[in-house]
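Listing of data_36.cif; format and content: mmCIF, C-alpha atoms.
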```cif
data_upload
#
loop_
_atom_site.label_atom_id
_atom_site.label_comp_id
_atom_site.auth_asym_id
_atom_site.auth_seq_id
_atom_site.Cartn_x
_atom_site.Cartn_y
_atom_site.Cartn_z
CA MET M 1 0.00 0.00 0.00
CA ARG M 2 2.90 2.36 0.71
CA LYS M 3 4.14 1.84 -2.86
CA VAL M 4 0.72 2.84 -4.17
CA ILE M 5 0.76 6.08 -2.17
CA PHE M 6 4.34 6.78 -3.28
CA VAL M 7 3.42 6.31 -6.96
CA LEU M 8 0.43 8.62 -6.50
CA PHE M 9 2.58 11.29 -4.91
CA ILE M 10 5.16 11.16 -7.71
CA LEU M 11 2.64 11.16 -10.55
CA PHE M 12 0.14 13.55 -8.94
CA PRO M 13 1.94 15.70 -6.34
CA GLY M 14 -1.18 17.80 -5.83
CA ILE M 15 -3.26 14.93 -4.48
CA GLY M 16 -0.99 14.10 -1.56
CA VAL M 17 -2.91 16.01 1.07
CA ARG M 18 -6.31 14.79 -0.09
CA ALA M 19 -5.22 11.15 -0.40
CA GLN M 20 -3.78 11.31 3.12
CA THR M 21 -7.23 12.04 4.50
CA LEU M 22 -8.11 8.33 4.34
CA GLN M 23 -5.56 7.71 7.09
CA ASN M 24 -7.19 10.47 9.13
CA TYR M 25 -10.58 8.81 8.72
CA LEU M 26 -9.11 5.49 9.82
CA GLU M 27 -7.77 7.12 12.98
CA ILE M 28 -11.15 8.70 13.71
CA ALA M 29 -12.89 5.35 13.22
CA THR M 30 -10.53 3.36 15.46
CA ASP M 31 -10.78 6.04 18.16
CA SER M 32 -14.54 6.52 18.19
CA ASN M 33 -16.33 3.46 16.76
CA PRO M 34 -18.65 2.17 19.54
CA GLY M 35 -18.47 -1.45 18.40
CA LEU M 36 -14.68 -1.38 18.66
CA LYS M 37 -14.87 0.25 22.09
CA ALA M 38 -17.25 -2.51 23.20
CA ARG M 39 -14.76 -5.17 22.10
CA TYR M 40 -11.96 -3.48 24.02
CA ALA M 41 -14.16 -3.29 27.13
CA GLU M 42 -14.68 -7.06 26.82
CA PHE M 43 -10.90 -7.50 26.83
CA GLU M 44 -10.55 -5.27 29.90
CA ALA M 45 -13.29 -7.27 31.64
CA ALA M 46 -11.49 -10.51 30.80
CA MET M 47 -8.31 -9.14 32.41
CA GLN M 48 -10.23 -8.60 35.64
CA LYS M 49 -10.99 -12.31 35.86
CA ILE M 50 -7.31 -13.17 36.43
CA PRO M 51 -7.07 -11.84 40.02
CA GLN M 52 -10.49 -13.34 40.75
CA VAL M 53 -9.51 -16.92 39.96
CA LYS M 54 -6.01 -16.61 41.46
CA SER M 55 -7.30 -15.53 44.86
CA LEU M 56 -8.00 -17.83 47.77
CA GLN M 57 -11.57 -18.32 48.77
CA ASP M 58 -12.72 -16.12 51.65
CA PRO M 59 -11.84 -17.40 55.13
CA THR M 60 -14.64 -18.26 57.55
CA PHE M 61 -15.08 -16.82 61.01
CA SER M 62 -17.72 -18.13 63.36
CA VAL M 63 -18.76 -17.23 66.91
CA SER M 64 -20.67 -19.31 69.42
CA ALA M 65 -21.75 -17.37 72.50
CA PHE M 66 -25.39 -18.25 73.09
CA GLY M 67 -27.30 -21.08 74.71
CA GLN M 68 -26.01 -23.50 77.29
CA MET M 69 -22.23 -23.59 77.15
CA ILE M 70 -20.08 -26.54 78.14
CA GLU M 71 -18.58 -26.59 81.63
CA THR M 72 -14.86 -27.39 81.57
CA ARG M 73 -12.43 -28.30 84.36
CA VAL M 74 -10.97 -24.79 84.44
CA GLY M 75 -14.27 -22.99 84.16
CA PRO M 76 -17.38 -22.54 82.02
CA GLN M 77 -17.12 -21.68 78.34
CA ARG M 78 -18.31 -18.14 77.64
CA ALA M 79 -17.69 -17.87 73.86
CA ILE M 80 -16.00 -19.75 71.03
CA PHE M 81 -14.31 -18.00 68.09
CA ILE M 82 -13.33 -20.13 65.09
CA PHE M 83 -11.25 -18.89 62.16
CA ASN M 84 -10.59 -21.15 59.15
CA GLN M 85 -8.92 -20.77 55.76
CA MET M 86 -9.16 -23.38 52.99
CA PHE M 87 -6.36 -23.82 50.45
CA PRO M 88 -6.84 -25.51 47.06
CA TRP M 89 -4.53 -28.25 45.90
CA PHE M 90 -1.02 -27.22 44.91
CA GLY M 91 -0.91 -25.45 41.53
CA THR M 92 -4.67 -24.98 41.23
CA LEU M 93 -4.59 -21.19 41.47
CA LYS M 94 -1.73 -20.92 38.97
CA ALA M 95 -3.55 -23.14 36.46
CA ARG M 96 -6.71 -21.06 36.82
CA GLY M 97 -4.77 -17.81 36.44
CA ASP M 98 -2.91 -19.07 33.37
CA ALA M 99 -6.19 -20.14 31.79
CA MET M 100 -7.83 -16.75 32.39
CA ALA M 101 -4.74 -14.93 31.09
CA LEU M 102 -4.97 -16.94 27.88
CA PHE M 103 -8.69 -16.21 27.59
CA ALA M 104 -7.87 -12.51 28.03
CA GLU M 105 -5.25 -12.74 25.28
CA ALA M 106 -7.90 -14.34 23.06
CA ARG M 107 -10.20 -11.40 23.81
CA PHE M 108 -7.43 -9.00 22.82
CA GLN M 109 -6.99 -10.82 19.52
CA ALA M 110 -10.76 -10.58 18.98
CA TRP M 111 -10.49 -6.81 19.52
CA LEU M 112 -7.53 -6.66 17.13
CA ASP M 113 -9.49 -8.53 14.47
CA ALA M 114 -12.46 -6.18 15.00
CA ARG M 115 -10.10 -3.22 14.59
CA ASN M 116 -8.66 -4.64 11.36
CA ALA M 117 -12.18 -5.41 10.11
CA LEU M 118 -13.24 -1.83 10.87
CA ILE M 119 -10.28 -0.47 8.91
CA TYR M 120 -11.29 -2.69 5.99
CA GLN M 121 -14.91 -1.52 6.26
CA VAL M 122 -13.86 2.15 6.25
CA LYS M 123 -11.72 1.62 3.16
CA SER M 124 -14.48 -0.39 1.50
CA ALA M 125 -16.88 2.51 2.12
CA TRP M 126 -14.36 5.20 1.05
CA TYR M 127 -13.45 3.75 -2.35
CA PRO M 128 -17.07 3.65 -3.60
CA LEU M 129 -17.24 7.36 -2.78
CA TYR M 130 -14.17 7.84 -4.94
CA GLU M 131 -15.81 5.84 -7.72
CA LEU M 132 -18.99 7.91 -7.44
CA ASP M 133 -17.18 11.24 -7.47
CA GLN M 134 -15.17 10.19 -10.52
CA THR M 135 -18.34 9.04 -12.28
CA ILE M 136 -20.05 12.35 -11.50
CA ARG M 137 -17.04 14.23 -12.88
CA TYR M 138 -17.02 12.14 -16.04
CA GLN M 139 -20.76 12.67 -16.52
CA ARG M 140 -20.37 16.43 -16.13
CA GLU M 141 -17.53 16.39 -18.67
CA ASN M 142 -19.78 14.35 -20.96
CA ILE M 143 -22.57 16.94 -20.68
CA SER M 144 -20.12 19.73 -21.46
CA ILE M 145 -18.84 17.87 -24.54
CA LEU M 146 -22.38 17.08 -25.70
CA GLU M 147 -23.33 20.73 -25.37
CA SER M 148 -20.37 21.68 -27.58
CA TYR M 149 -21.47 19.04 -30.09
CA LYS M 150 -24.99 20.48 -30.01
CA THR M 151 -23.61 23.93 -30.76
CA LEU M 152 -21.61 22.48 -33.65
CA ALA M 153 -24.61 20.58 -35.05
CA LEU M 154 -26.86 23.63 -34.66
CA THR M 155 -24.33 25.85 -36.44
CA ARG M 156 -24.06 23.42 -39.34
CA PHE M 157 -27.86 23.20 -39.51
CA LYS M 158 -28.18 27.00 -39.65
CA ASN M 159 -25.56 27.10 -42.38
CA GLY M 160 -27.45 24.48 -44.35
CA ASN M 161 -24.68 21.91 -43.97
CA GLY M 162 -26.41 19.68 -41.38
CA THR M 163 -29.74 18.29 -40.33
CA MET M 164 -32.03 18.99 -37.40
CA VAL M 165 -31.91 15.28 -36.59
CA ASP M 166 -28.32 15.70 -35.39
CA VAL M 167 -29.41 18.45 -33.00
CA LEU M 168 -32.28 16.32 -31.68
CA ARG M 169 -29.97 13.36 -31.15
CA VAL M 170 -27.74 15.49 -28.94
CA ASP M 171 -30.77 16.85 -27.06
CA ILE M 172 -31.94 13.32 -26.28
CA MET M 173 -28.49 12.34 -25.02
CA LEU M 174 -28.25 15.53 -22.94
CA GLU M 175 -31.56 14.77 -21.25
CA ASP M 176 -30.41 11.22 -20.46
CA ALA M 177 -27.09 12.50 -19.14
CA GLY M 178 -28.78 15.14 -16.97
CA THR M 179 -31.09 12.55 -15.40
CA GLU M 180 -28.17 10.19 -14.82
CA LEU M 181 -26.18 12.99 -13.20
CA THR M 182 -29.07 13.77 -10.83
CA LEU M 183 -29.33 10.11 -9.82
CA LEU M 184 -25.60 9.91 -9.23
CA GLU M 185 -25.64 13.01 -7.01
CA ASP M 186 -28.57 11.54 -5.05
CA LYS M 187 -26.61 8.34 -4.53
CA ARG M 188 -23.89 10.18 -2.61
CA LYS M 189 -26.09 10.75 0.45
CA PRO M 190 -26.56 7.07 1.44
CA LEU M 191 -22.89 6.38 0.74
CA LEU M 192 -21.92 9.26 3.02
CA ALA M 193 -24.25 7.96 5.72
CA MET M 194 -22.72 4.49 5.51
CA PHE M 195 -19.19 5.90 5.74
CA ASN M 196 -19.89 8.34 8.57
CA LYS M 197 -21.67 5.65 10.59
CA LEU M 198 -18.38 3.76 10.79
CA LEU M 199 -16.73 6.92 12.15
CA ASN M 200 -19.54 7.41 14.70
CA ARG M 201 -20.31 10.94 13.52
CA ASP M 202 -23.14 12.82 11.85
CA VAL M 203 -24.30 11.00 8.72
CA ASN M 204 -24.27 14.23 6.73
CA SER M 205 -20.64 15.09 7.50
CA GLU M 206 -18.68 15.83 4.35
CA VAL M 207 -16.05 13.33 3.21
CA VAL M 208 -12.99 14.22 1.16
CA VAL M 209 -11.80 11.64 -1.36
CA ALA M 210 -8.73 11.49 -3.59
CA ASP M 211 -8.64 13.28 -6.94
CA ALA M 212 -7.03 10.28 -8.62
CA LEU M 213 -5.93 6.78 -7.65
CA ILE M 214 -3.72 4.59 -9.83
CA PRO M 215 -3.33 0.81 -9.39
CA ASP M 216 0.19 -0.47 -8.87
CA ASP M 217 1.54 -3.71 -10.32
CA SER M 218 3.16 -4.48 -6.94
CA PRO M 219 0.61 -3.53 -4.25
CA GLY M 220 2.37 -5.32 -1.41
CA ALA M 221 4.04 -8.51 -0.23
CA PHE M 222 1.11 -10.75 0.65
CA SER M 223 1.43 -14.48 1.28
CA PRO M 224 -0.91 -17.15 2.68
CA ASP M 225 1.80 -18.33 5.09
CA SER M 226 2.05 -14.92 6.76
CA MET M 227 -1.75 -14.79 6.88
CA LEU M 228 -1.95 -18.11 8.74
CA GLN M 229 0.68 -16.87 11.20
CA ASN M 230 -0.56 -13.33 11.80
CA ASN M 231 -4.34 -13.36 11.40
CA PRO M 232 -5.86 -12.40 14.78
CA ARG M 233 -8.83 -14.77 14.36
CA LEU M 234 -6.47 -17.75 14.18
CA ILE M 235 -4.36 -16.49 17.07
CA GLU M 236 -7.54 -15.99 19.10
CA LEU M 237 -8.62 -19.61 18.57
CA ASP M 238 -5.11 -20.83 19.34
CA LYS M 239 -5.15 -18.93 22.64
CA LYS M 240 -8.56 -20.40 23.44
CA ALA M 241 -7.27 -23.92 22.77
CA GLN M 242 -4.34 -23.28 25.12
CA ALA M 243 -6.67 -21.79 27.71
CA TRP M 244 -8.92 -24.86 27.69
CA LYS M 245 -5.84 -27.04 28.17
CA GLN M 246 -5.01 -25.03 31.29
CA GLN M 247 -8.65 -25.32 32.37
CA GLN M 248 -8.30 -29.07 32.04
CA ILE M 249 -5.29 -29.01 34.35
CA ALA M 250 -7.20 -26.82 36.80
CA ALA M 251 -10.20 -29.16 36.65
CA GLY M 252 -7.96 -32.11 37.54
CA LYS M 253 -6.50 -30.27 40.49
CA GLN M 254 -9.94 -29.14 41.63
CA GLY M 255 -10.82 -32.81 42.11
CA MET M 256 -8.03 -33.14 44.67
CA PRO M 257 -8.57 -32.55 48.42
CA LYS M 258 -8.55 -29.01 49.75
CA LEU M 259 -6.49 -28.30 52.84
CA GLY M 260 -7.65 -26.04 55.65
CA ALA M 261 -5.86 -24.33 58.52
CA GLY M 262 -7.59 -22.54 61.34
CA LEU M 263 -7.67 -21.47 64.97
CA ASN M 264 -10.20 -22.16 67.70
CA TYR M 265 -10.20 -19.62 70.53
CA THR M 266 -12.42 -20.36 73.51
CA VAL M 267 -13.17 -17.79 76.22
CA ILE M 268 -13.31 -19.55 79.64
CA GLY M 269 -14.90 -18.08 82.74
CA LYS M 270 -13.44 -18.57 86.24
CA ARG M 271 -14.75 -21.21 88.58
CA THR M 272 -16.11 -19.78 91.84
CA ASP M 273 -16.59 -23.06 93.70
CA MET M 274 -12.90 -23.95 93.83
CA ASP M 275 -9.49 -22.80 92.73
CA VAL M 276 -7.80 -25.05 90.18
CA PRO M 277 -4.58 -24.60 88.16
CA GLY M 278 -5.32 -22.51 85.05
CA ASN M 279 -8.65 -21.38 86.47
CA GLY M 280 -10.44 -19.23 83.81
CA LYS M 281 -7.59 -19.56 81.31
CA ASP M 282 -8.77 -19.17 77.70
CA ALA M 283 -8.13 -22.10 75.36
CA ILE M 284 -6.34 -21.74 72.01
CA MET M 285 -6.40 -24.68 69.65
CA PRO M 286 -5.01 -24.77 66.06
CA MET M 287 -7.02 -26.82 63.57
CA ILE M 288 -6.33 -28.59 60.29
CA SER M 289 -9.09 -29.72 57.94
CA VAL M 290 -9.27 -31.62 54.68
CA SER M 291 -12.12 -31.66 52.16
CA LEU M 292 -13.12 -35.03 50.77
CA PRO M 293 -13.95 -34.81 47.03
CA ILE M 294 -15.76 -38.13 46.96
CA TYR M 295 -18.53 -37.10 44.55
CA ARG M 296 -16.51 -37.60 41.39
CA LYS M 297 -19.22 -37.10 38.78
CA LYS M 298 -18.92 -33.33 38.69
CA TYR M 299 -15.13 -33.47 38.44
CA LYS M 300 -15.27 -35.93 35.57
CA ALA M 301 -17.85 -33.70 33.87
CA MET M 302 -15.58 -30.66 34.29
CA ALA M 303 -12.66 -32.54 32.73
CA SER M 304 -14.84 -33.71 29.84
CA GLU M 305 -16.17 -30.19 29.29
CA THR M 306 -12.68 -28.72 29.00
CA GLU M 307 -11.61 -31.49 26.63
CA PHE M 308 -14.61 -30.91 24.36
CA MET M 309 -14.03 -27.14 24.38
CA HIS M 310 -10.36 -27.65 23.51
CA THR M 311 -11.36 -29.88 20.61
CA SER M 312 -13.92 -27.29 19.50
CA ALA M 313 -11.28 -24.53 19.44
CA VAL M 314 -8.84 -26.70 17.46
CA GLN M 315 -11.47 -27.69 14.90
CA MET M 316 -12.77 -24.13 14.61
CA LYS M 317 -9.23 -22.91 13.95
CA GLN M 318 -8.98 -25.36 11.05
CA GLU M 319 -12.35 -24.20 9.72
CA VAL M 320 -11.35 -20.54 9.90
CA SER M 321 -8.01 -21.33 8.24
CA ASN M 322 -9.84 -22.93 5.32
CA ASP M 323 -12.17 -19.92 5.01
CA LEU M 324 -9.26 -17.49 5.14
CA LEU M 325 -7.34 -19.34 2.45
CA ALA M 326 -10.41 -19.33 0.19
CA SER M 327 -10.96 -15.60 0.84
CA TYR M 328 -7.27 -14.93 0.19
CA GLU M 329 -7.41 -16.65 -3.20
CA MET M 330 -10.59 -14.78 -4.17
CA ALA M 331 -9.14 -11.42 -3.09
CA GLY M 332 -5.97 -12.14 -5.09
CA TYR M 333 -8.10 -12.96 -8.13
CA GLU M 334 -10.14 -9.76 -7.72
CA LEU M 335 -6.93 -7.76 -7.43
CA GLU M 336 -5.43 -9.23 -10.60
CA LYS M 337 -8.71 -8.92 -12.48
CA ALA M 338 -9.13 -5.24 -11.56
CA ASN M 339 -5.53 -4.49 -12.52
CA GLU M 340 -5.91 -6.16 -15.93
CA GLU M 341 -9.21 -4.39 -16.54
CA TYR M 342 -7.58 -1.05 -15.69
CA LYS M 343 -4.80 -1.66 -18.24
CA LEU M 344 -7.25 -2.79 -20.92
CA LEU M 345 -9.53 0.20 -20.37
CA ALA M 346 -6.58 2.60 -20.59
CA ALA M 347 -5.67 1.15 -23.99
CA GLN M 348 -9.29 1.18 -25.16
CA MET M 349 -9.77 4.81 -24.12
CA LYS M 350 -6.68 5.85 -26.06
CA LYS M 351 -7.98 4.23 -29.25
CA THR M 352 -11.51 5.56 -28.69
CA ARG M 353 -10.21 9.13 -28.33
CA GLN M 354 -8.29 8.76 -31.59
CA ALA M 355 -11.37 7.42 -33.37
CA GLU M 356 -13.57 10.18 -31.95
CA SER M 357 -11.09 12.83 -33.03
CA LEU M 358 -10.97 11.47 -36.58
CA LEU M 359 -14.77 11.23 -36.80
CA LEU M 360 -15.22 14.74 -35.43
CA THR M 361 -12.77 16.12 -38.00
CA ALA M 362 -14.62 14.33 -40.77
CA TYR M 363 -17.96 15.65 -39.53
CA SER M 364 -16.64 19.21 -39.36
CA THR M 365 -15.70 19.06 -43.02
CA SER M 366 -18.33 16.79 -44.56
CA GLY M 367 -21.21 16.78 -42.06
CA LYS M 368 -21.30 12.97 -42.13
CA ASP M 369 -21.21 10.30 -39.42
CA PHE M 370 -22.38 12.57 -36.61
CA GLU M 371 -24.15 9.59 -35.06
CA GLU M 372 -20.78 7.80 -34.93
CA VAL M 373 -19.24 10.81 -33.21
CA LEU M 374 -21.88 10.60 -30.51
CA ARG M 375 -21.52 6.85 -30.20
CA MET M 376 -17.77 7.18 -29.70
CA GLN M 377 -18.32 9.83 -27.04
CA GLN M 378 -20.70 7.54 -25.15
CA LEU M 379 -18.27 4.64 -25.53
CA LEU M 380 -15.51 6.81 -24.10
CA LEU M 381 -17.77 7.74 -21.19
CA LYS M 382 -18.50 4.06 -20.59
CA TYR M 383 -14.76 3.27 -20.49
CA LYS M 384 -14.07 6.16 -18.08
CA ILE M 385 -16.78 5.00 -15.67
CA ALA M 386 -15.55 1.41 -15.96
CA THR M 387 -12.03 2.66 -15.14
CA ALA M 388 -13.29 4.27 -11.93
CA THR M 389 -14.99 0.99 -11.03
CA SER M 390 -11.84 -1.04 -11.72
CA VAL M 391 -9.81 1.33 -9.53
CA LYS M 392 -12.36 0.93 -6.75
CA ASN M 393 -12.29 -2.85 -7.10
CA TYR M 394 -8.49 -2.88 -7.14
CA PHE M 395 -8.01 -0.91 -3.93
CA THR M 396 -10.87 -2.75 -2.21
CA ALA M 397 -9.10 -6.04 -3.02
CA VAL M 398 -5.84 -4.62 -1.65
CA ALA M 399 -7.67 -3.63 1.54
CA ARG M 400 -9.15 -7.13 1.75
CA LEU M 401 -5.71 -8.73 1.47
CA GLU M 402 -4.37 -6.32 4.09
CA TYR M 403 -7.17 -7.35 6.43
CA LEU M 404 -6.66 -11.08 5.85
CA THR M 405 -2.89 -10.85 6.37
CA ALA M 406 -3.22 -8.36 9.27
CA THR M 407 -1.03 -5.81 7.51
CA ASN M 408 -3.55 -2.92 7.43
#
```
Take the structure in the file and give it back as structure tokens.
Amino acid sequence: MRKVIFVLFILFPGIGVRAQTLQNYLEIATDSNPGLKARYAEFEAAMQKIPQVKSLQDPTFSVSAFGQMIETRVGPQRAIFIFNQMFPWFGTLKARGDAMALFAEARFQAWLDARNALIYQVKSAWYPLYELDQTIRYQRENISILESYKTLALTRFKNGNGTMVDVLRVDIMLEDAGTELTLLEDKRKPLLAMFNKLLNRDVNSEVVVADALIPDDSPGAFSPDSMLQNNPRLIELDKKAQAWKQQQIAAGKQGMPKLGAGLNYTVIGKRTDMDVPGNGKDAIMPMISVSLPIYRKKYKAMASETEFMHTSAVQMKQEVSNDLLASYEMAGYELEKANEEYKLLAAQMKKTRQAESLLLTAYSTSGKDFEEVLRMQQLLLKYKIATATSVKNYFTAVARLEYLTATN
């Protein structure tokens, strides 16, 4: 793409500033598009899950100070305070944290793909505006040329060297061209709305497009191998597969016993009926507990779930790879097709201009073949409009390849 811009700058130094506006629009879109902001918020939310799963479960604290308390040798129990903390099996928290970190990375890749897709959408909406503006310009030029032909035909008719039929032919074509121009100008409004929607701004905001774009024989170094390595959708699925592997490890560890450590503090009242050693001394007793994961069904189900999800991510990655390769081949074909059409149309326009010039000269001297003059003019207009379309198709295909290979 840089080579394209460089060629444009060398051949048309005046268009540099206007052509650069596309980059400005891309920056506006990536900064303000609400859908892209939503995707980034999902990534930020996924990051917040990491400290959640890596933290210990809350400790428990219980108090018993009501009802009939037990009478001990050193005095009656007044209150019992119990503090307990459970610890998962060794490595469980790390496995959970690693899994959530990988899921967060997958979310980031999803945001990156959404960003690349938005850039492609903005370009795909900008190039049709270029095509439309070029078509409007060509139609206005066509009307101006037809008006000059009408003046010529009318002059010859007044001088007795032409027919009124020639004048009427031009009038009919002028009416058609005027209607077509009106329809083209009306078409700009919905295209503007579509473009501005991507930028999250008023649909009627004006959009500046390039004065001229020229296809380049070497648009960029694209390859399917780099696409399969760099495409965010594939990286996202790869991260998900890794995350489910970590979830599988965590599920296995979750089926192991949990260890607990705690403290039992008992407040003892003094005996009044006799004096004994340690009378009224509070009791402190450390405690150790172990959970017994004997209901194995849920743990087996958790392990199976993670295995199925891992398989799903692996298979989905293969499916997406196949789709990307097919899209890559189609985009490459569209690029080559548009480039060849552009070259052919350039050659055809050159010949058509020569033929029109010869016919116009002959008509000026003999008054013959005016219908052929008009036909050549309309053929030239057709080639010009087709050229604008081929340029649009070319750069849209380049943008598609940039999106697929994550080079936009």
Between CA of Ala355 in chain M and CA of Gly160 in chain M - distance in Å to one decimal: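 Going from CA of Gly160 in chain M over to CA of Ala355 in chain M covers 25.9 Å.
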Taking the file as I've supplied it (selection: the PyMOL selection byres ((chain M and resi 263) around 6)), which residues are included? Please answer as a PyMOL selection string. chain M and resi 82-83+262+264+285-287
Go ahead and fit an axis-aligned box to every listed atom of range 79-86 of chain M plus 6 Å each side, and pass me the centre and edge lengths in Å, one decimal, as lines of an AutoDock Vina configuration file.
```
center_x = -13.3
center_y = -20.6
center_z = 63.4
size_x = 20.8
size_y = 17.5
size_z = 32.9
```
Report as a PyMOL selection string the full result of the PyMOL selection byres ((chain M and resi 375-386) around 7) when it is applied to this structure. chain M and resi 135+138+142+345+349+352+356+371-374+387-390
Within 9 Å of Lys317 in chain M, counting all atoms listed in the file, which residues qualify if same-chain residues fewer than 2 places away don't, as number ranges by chain? M: 233-238, 312-315, 319-322
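Those residues that approach Ser327 in chain M to within 12 Å, counting only C-alpha atoms, are M:Pro224, M:Met227, M:Val320, M:Ser321, M:Asn322, M:Asp323, M:Leu324, M:Leu325, M:Glu329, M:Met330, M:Ala331, M:Gly332, M:Tyr333, M:Glu334, M:Ala397, M:Arg400, M:Leu401, M:Glu402, M:Tyr403, M:Leu404, M:Thr405; same-chain residues fewer than 2 positions away are not listed.
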In Å and to one decimal, CA of Ser366 in chain M is distant from CA of Ala153 in chain M by 12.0 Å
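The smallest atom-to-atom distance between Phe157 in chain M and any of M:Ser364, M:Asn33, M:Thr396, M:Ser144, using all atoms listed in the file, is found for M:Ser364.
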I'd like the residues picked by the PyMOL selection byres ((chain M and resi 205) around 9) written out as an mmCIF file with C-alpha atoms, in the frame of the given file, using the chain letters and numbers from the file.
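Generated output (part.cif):
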```cif
data_model
loop_
_atom_site.group_PDB
_atom_site.id
_atom_site.type_symbol
_atom_site.label_atom_id
_atom_site.label_comp_id
_atom_site.auth_asym_id
_atom_site.auth_seq_id
_atom_site.Cartn_x
_atom_site.Cartn_y
_atom_site.Cartn_z
ATOM 1 C CA LEU M 192 -21.920 9.260 3.020
ATOM 2 C CA ALA M 193 -24.250 7.960 5.720
ATOM 3 C CA ASN M 196 -19.890 8.340 8.570
ATOM 4 C CA ARG M 201 -20.310 10.940 13.520
ATOM 5 C CA ASP M 202 -23.140 12.820 11.850
ATOM 6 C CA VAL M 203 -24.300 11.000 8.720
ATOM 7 C CA ASN M 204 -24.270 14.230 6.730
ATOM 8 C CA GLU M 206 -18.680 15.830 4.350
ATOM 9 C CA VAL M 207 -16.050 13.330 3.210
#
```
Using all atoms listed in the file, determine which residues lie at most 12 Å from Thr72 in chain M, disregarding the query and same-chain residues fewer than 4 positions distant; provide the list as a short mmCIF file (atom, residue, chain, number, x, y, z; two decimals) with C-alpha atoms, in the frame of the given file.
```
data_model
loop_
_atom_site.label_atom_id
_atom_site.label_comp_id
_atom_site.auth_asym_id
_atom_site.auth_seq_id
_atom_site.Cartn_x
_atom_site.Cartn_y
_atom_site.Cartn_z
CA PRO M 76 -17.38 -22.54 82.02
CA GLN M 77 -17.12 -21.68 78.34
CA ARG M 78 -18.31 -18.14 77.64
CA THR M 266 -12.42 -20.36 73.51
CA VAL M 267 -13.17 -17.79 76.22
CA ILE M 268 -13.31 -19.55 79.64
CA GLY M 269 -14.90 -18.08 82.74
CA LYS M 270 -13.44 -18.57 86.24
CA ARG M 271 -14.75 -21.21 88.58
CA VAL M 276 -7.80 -25.05 90.18
CA GLY M 278 -5.32 -22.51 85.05
CA ASN M 279 -8.65 -21.38 86.47
CA GLY M 280 -10.44 -19.23 83.81
CA LYS M 281 -7.59 -19.56 81.31
CA ASP M 282 -8.77 -19.17 77.70
CA ALA M 283 -8.13 -22.10 75.36
#
```
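Between CA of Lys94 in chain M and CA of Gln247 in chain M the separation is 10.5 Å.
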What residues have an atom no more than 10 Å from (-9.3, -11.1, 19.5) in the file's own frame, counting only C-alpha atoms, and can you write them as JSON, numbers by chain? {"M": [39, 40, 42, 43, 103, 104, 105, 106, 107, 108, 109, 110, 111, 112, 113, 114, 115, 231, 232, 233, 234, 235, 236, 237, 239]}
Write out, as an mmCIF file, keeping the file's coordinate frame, the residues just selected, with C-alpha atoms.
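Contents of the output file out_20.cif:
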```cif
data_model
loop_
_atom_site.group_PDB
_atom_site.id
_atom_site.type_symbol
_atom_site.label_atom_id
_atom_site.label_comp_id
_atom_site.auth_asym_id
_atom_site.auth_seq_id
_atom_site.Cartn_x
_atom_site.Cartn_y
_atom_site.Cartn_z
ATOM 1 C CA ARG M 39 -14.760 -5.170 22.100
ATOM 2 C CA TYR M 40 -11.960 -3.480 24.020
ATOM 3 C CA GLU M 42 -14.680 -7.060 26.820
ATOM 4 C CA PHE M 43 -10.900 -7.500 26.830
ATOM 5 C CA PHE M 103 -8.690 -16.210 27.590
ATOM 6 C CA ALA M 104 -7.870 -12.510 28.030
ATOM 7 C CA GLU M 105 -5.250 -12.740 25.280
ATOM 8 C CA ALA M 106 -7.900 -14.340 23.060
ATOM 9 C CA ARG M 107 -10.200 -11.400 23.810
ATOM 10 C CA PHE M 108 -7.430 -9.000 22.820
ATOM 11 C CA GLN M 109 -6.990 -10.820 19.520
ATOM 12 C CA ALA M 110 -10.760 -10.580 18.980
ATOM 13 C CA TRP M 111 -10.490 -6.810 19.520
ATOM 14 C CA LEU M 112 -7.530 -6.660 17.130
ATOM 15 C CA ASP M 113 -9.490 -8.530 14.470
ATOM 16 C CA ALA M 114 -12.460 -6.180 15.000
ATOM 17 C CA ARG M 115 -10.100 -3.220 14.590
ATOM 18 C CA ASN M 231 -4.340 -13.360 11.400
ATOM 19 C CA PRO M 232 -5.860 -12.400 14.780
ATOM 20 C CA ARG M 233 -8.830 -14.770 14.360
ATOM 21 C CA LEU M 234 -6.470 -17.750 14.180
ATOM 22 C CA ILE M 235 -4.360 -16.490 17.070
ATOM 23 C CA GLU M 236 -7.540 -15.990 19.100
ATOM 24 C CA LEU M 237 -8.620 -19.610 18.570
ATOM 25 C CA LYS M 239 -5.150 -18.930 22.640
#
```
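For the choices M:Ala303, M:Leu358, M:Ala338, M:Val53, the atom-to-atom distance to Gly97 in chain M is smallest for M:Val53 when using all atoms listed in the file.
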When you count only C-alpha atoms, which of these residues is closest to Tyr295 in chain M: M:Pro277, M:Pro59, M:Gly35, M:Pro257? M:Pro257
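For the point (-6.0, -5.1, -13.1), the residues with an atom at a distance of at most 10 Å are Pro215, Asp216, Asp217, Tyr333, Glu334, Leu335, Glu336, Lys337, Ala338, Asn339, Glu340, Glu341, Tyr342, Lys343, Leu344, Leu345, Ser390, Val391, Asn393 and Tyr394 of chain M, counting all atoms listed in the file.
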Which residues are near Asp98 in chain M? Cut-off 8 Å, all atoms listed in the file, ignore same chain within fewer than 3 positions. Put them as a PyMOL selection string. chain M and resi 50+94-95+101-102+243+246
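Residue nearest Ile143 in chain M, chosen from M:Ala210, M:Met69, M:Ile172, M:Ala326 and counting all atoms listed in the file: M:Ile172.
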Taking only C-alpha atoms into account, name the residue in M:Ile145, M:Ala251, M:Val208, M:Leu118 that is nearest to Glu305 in chain M. M:Ala251
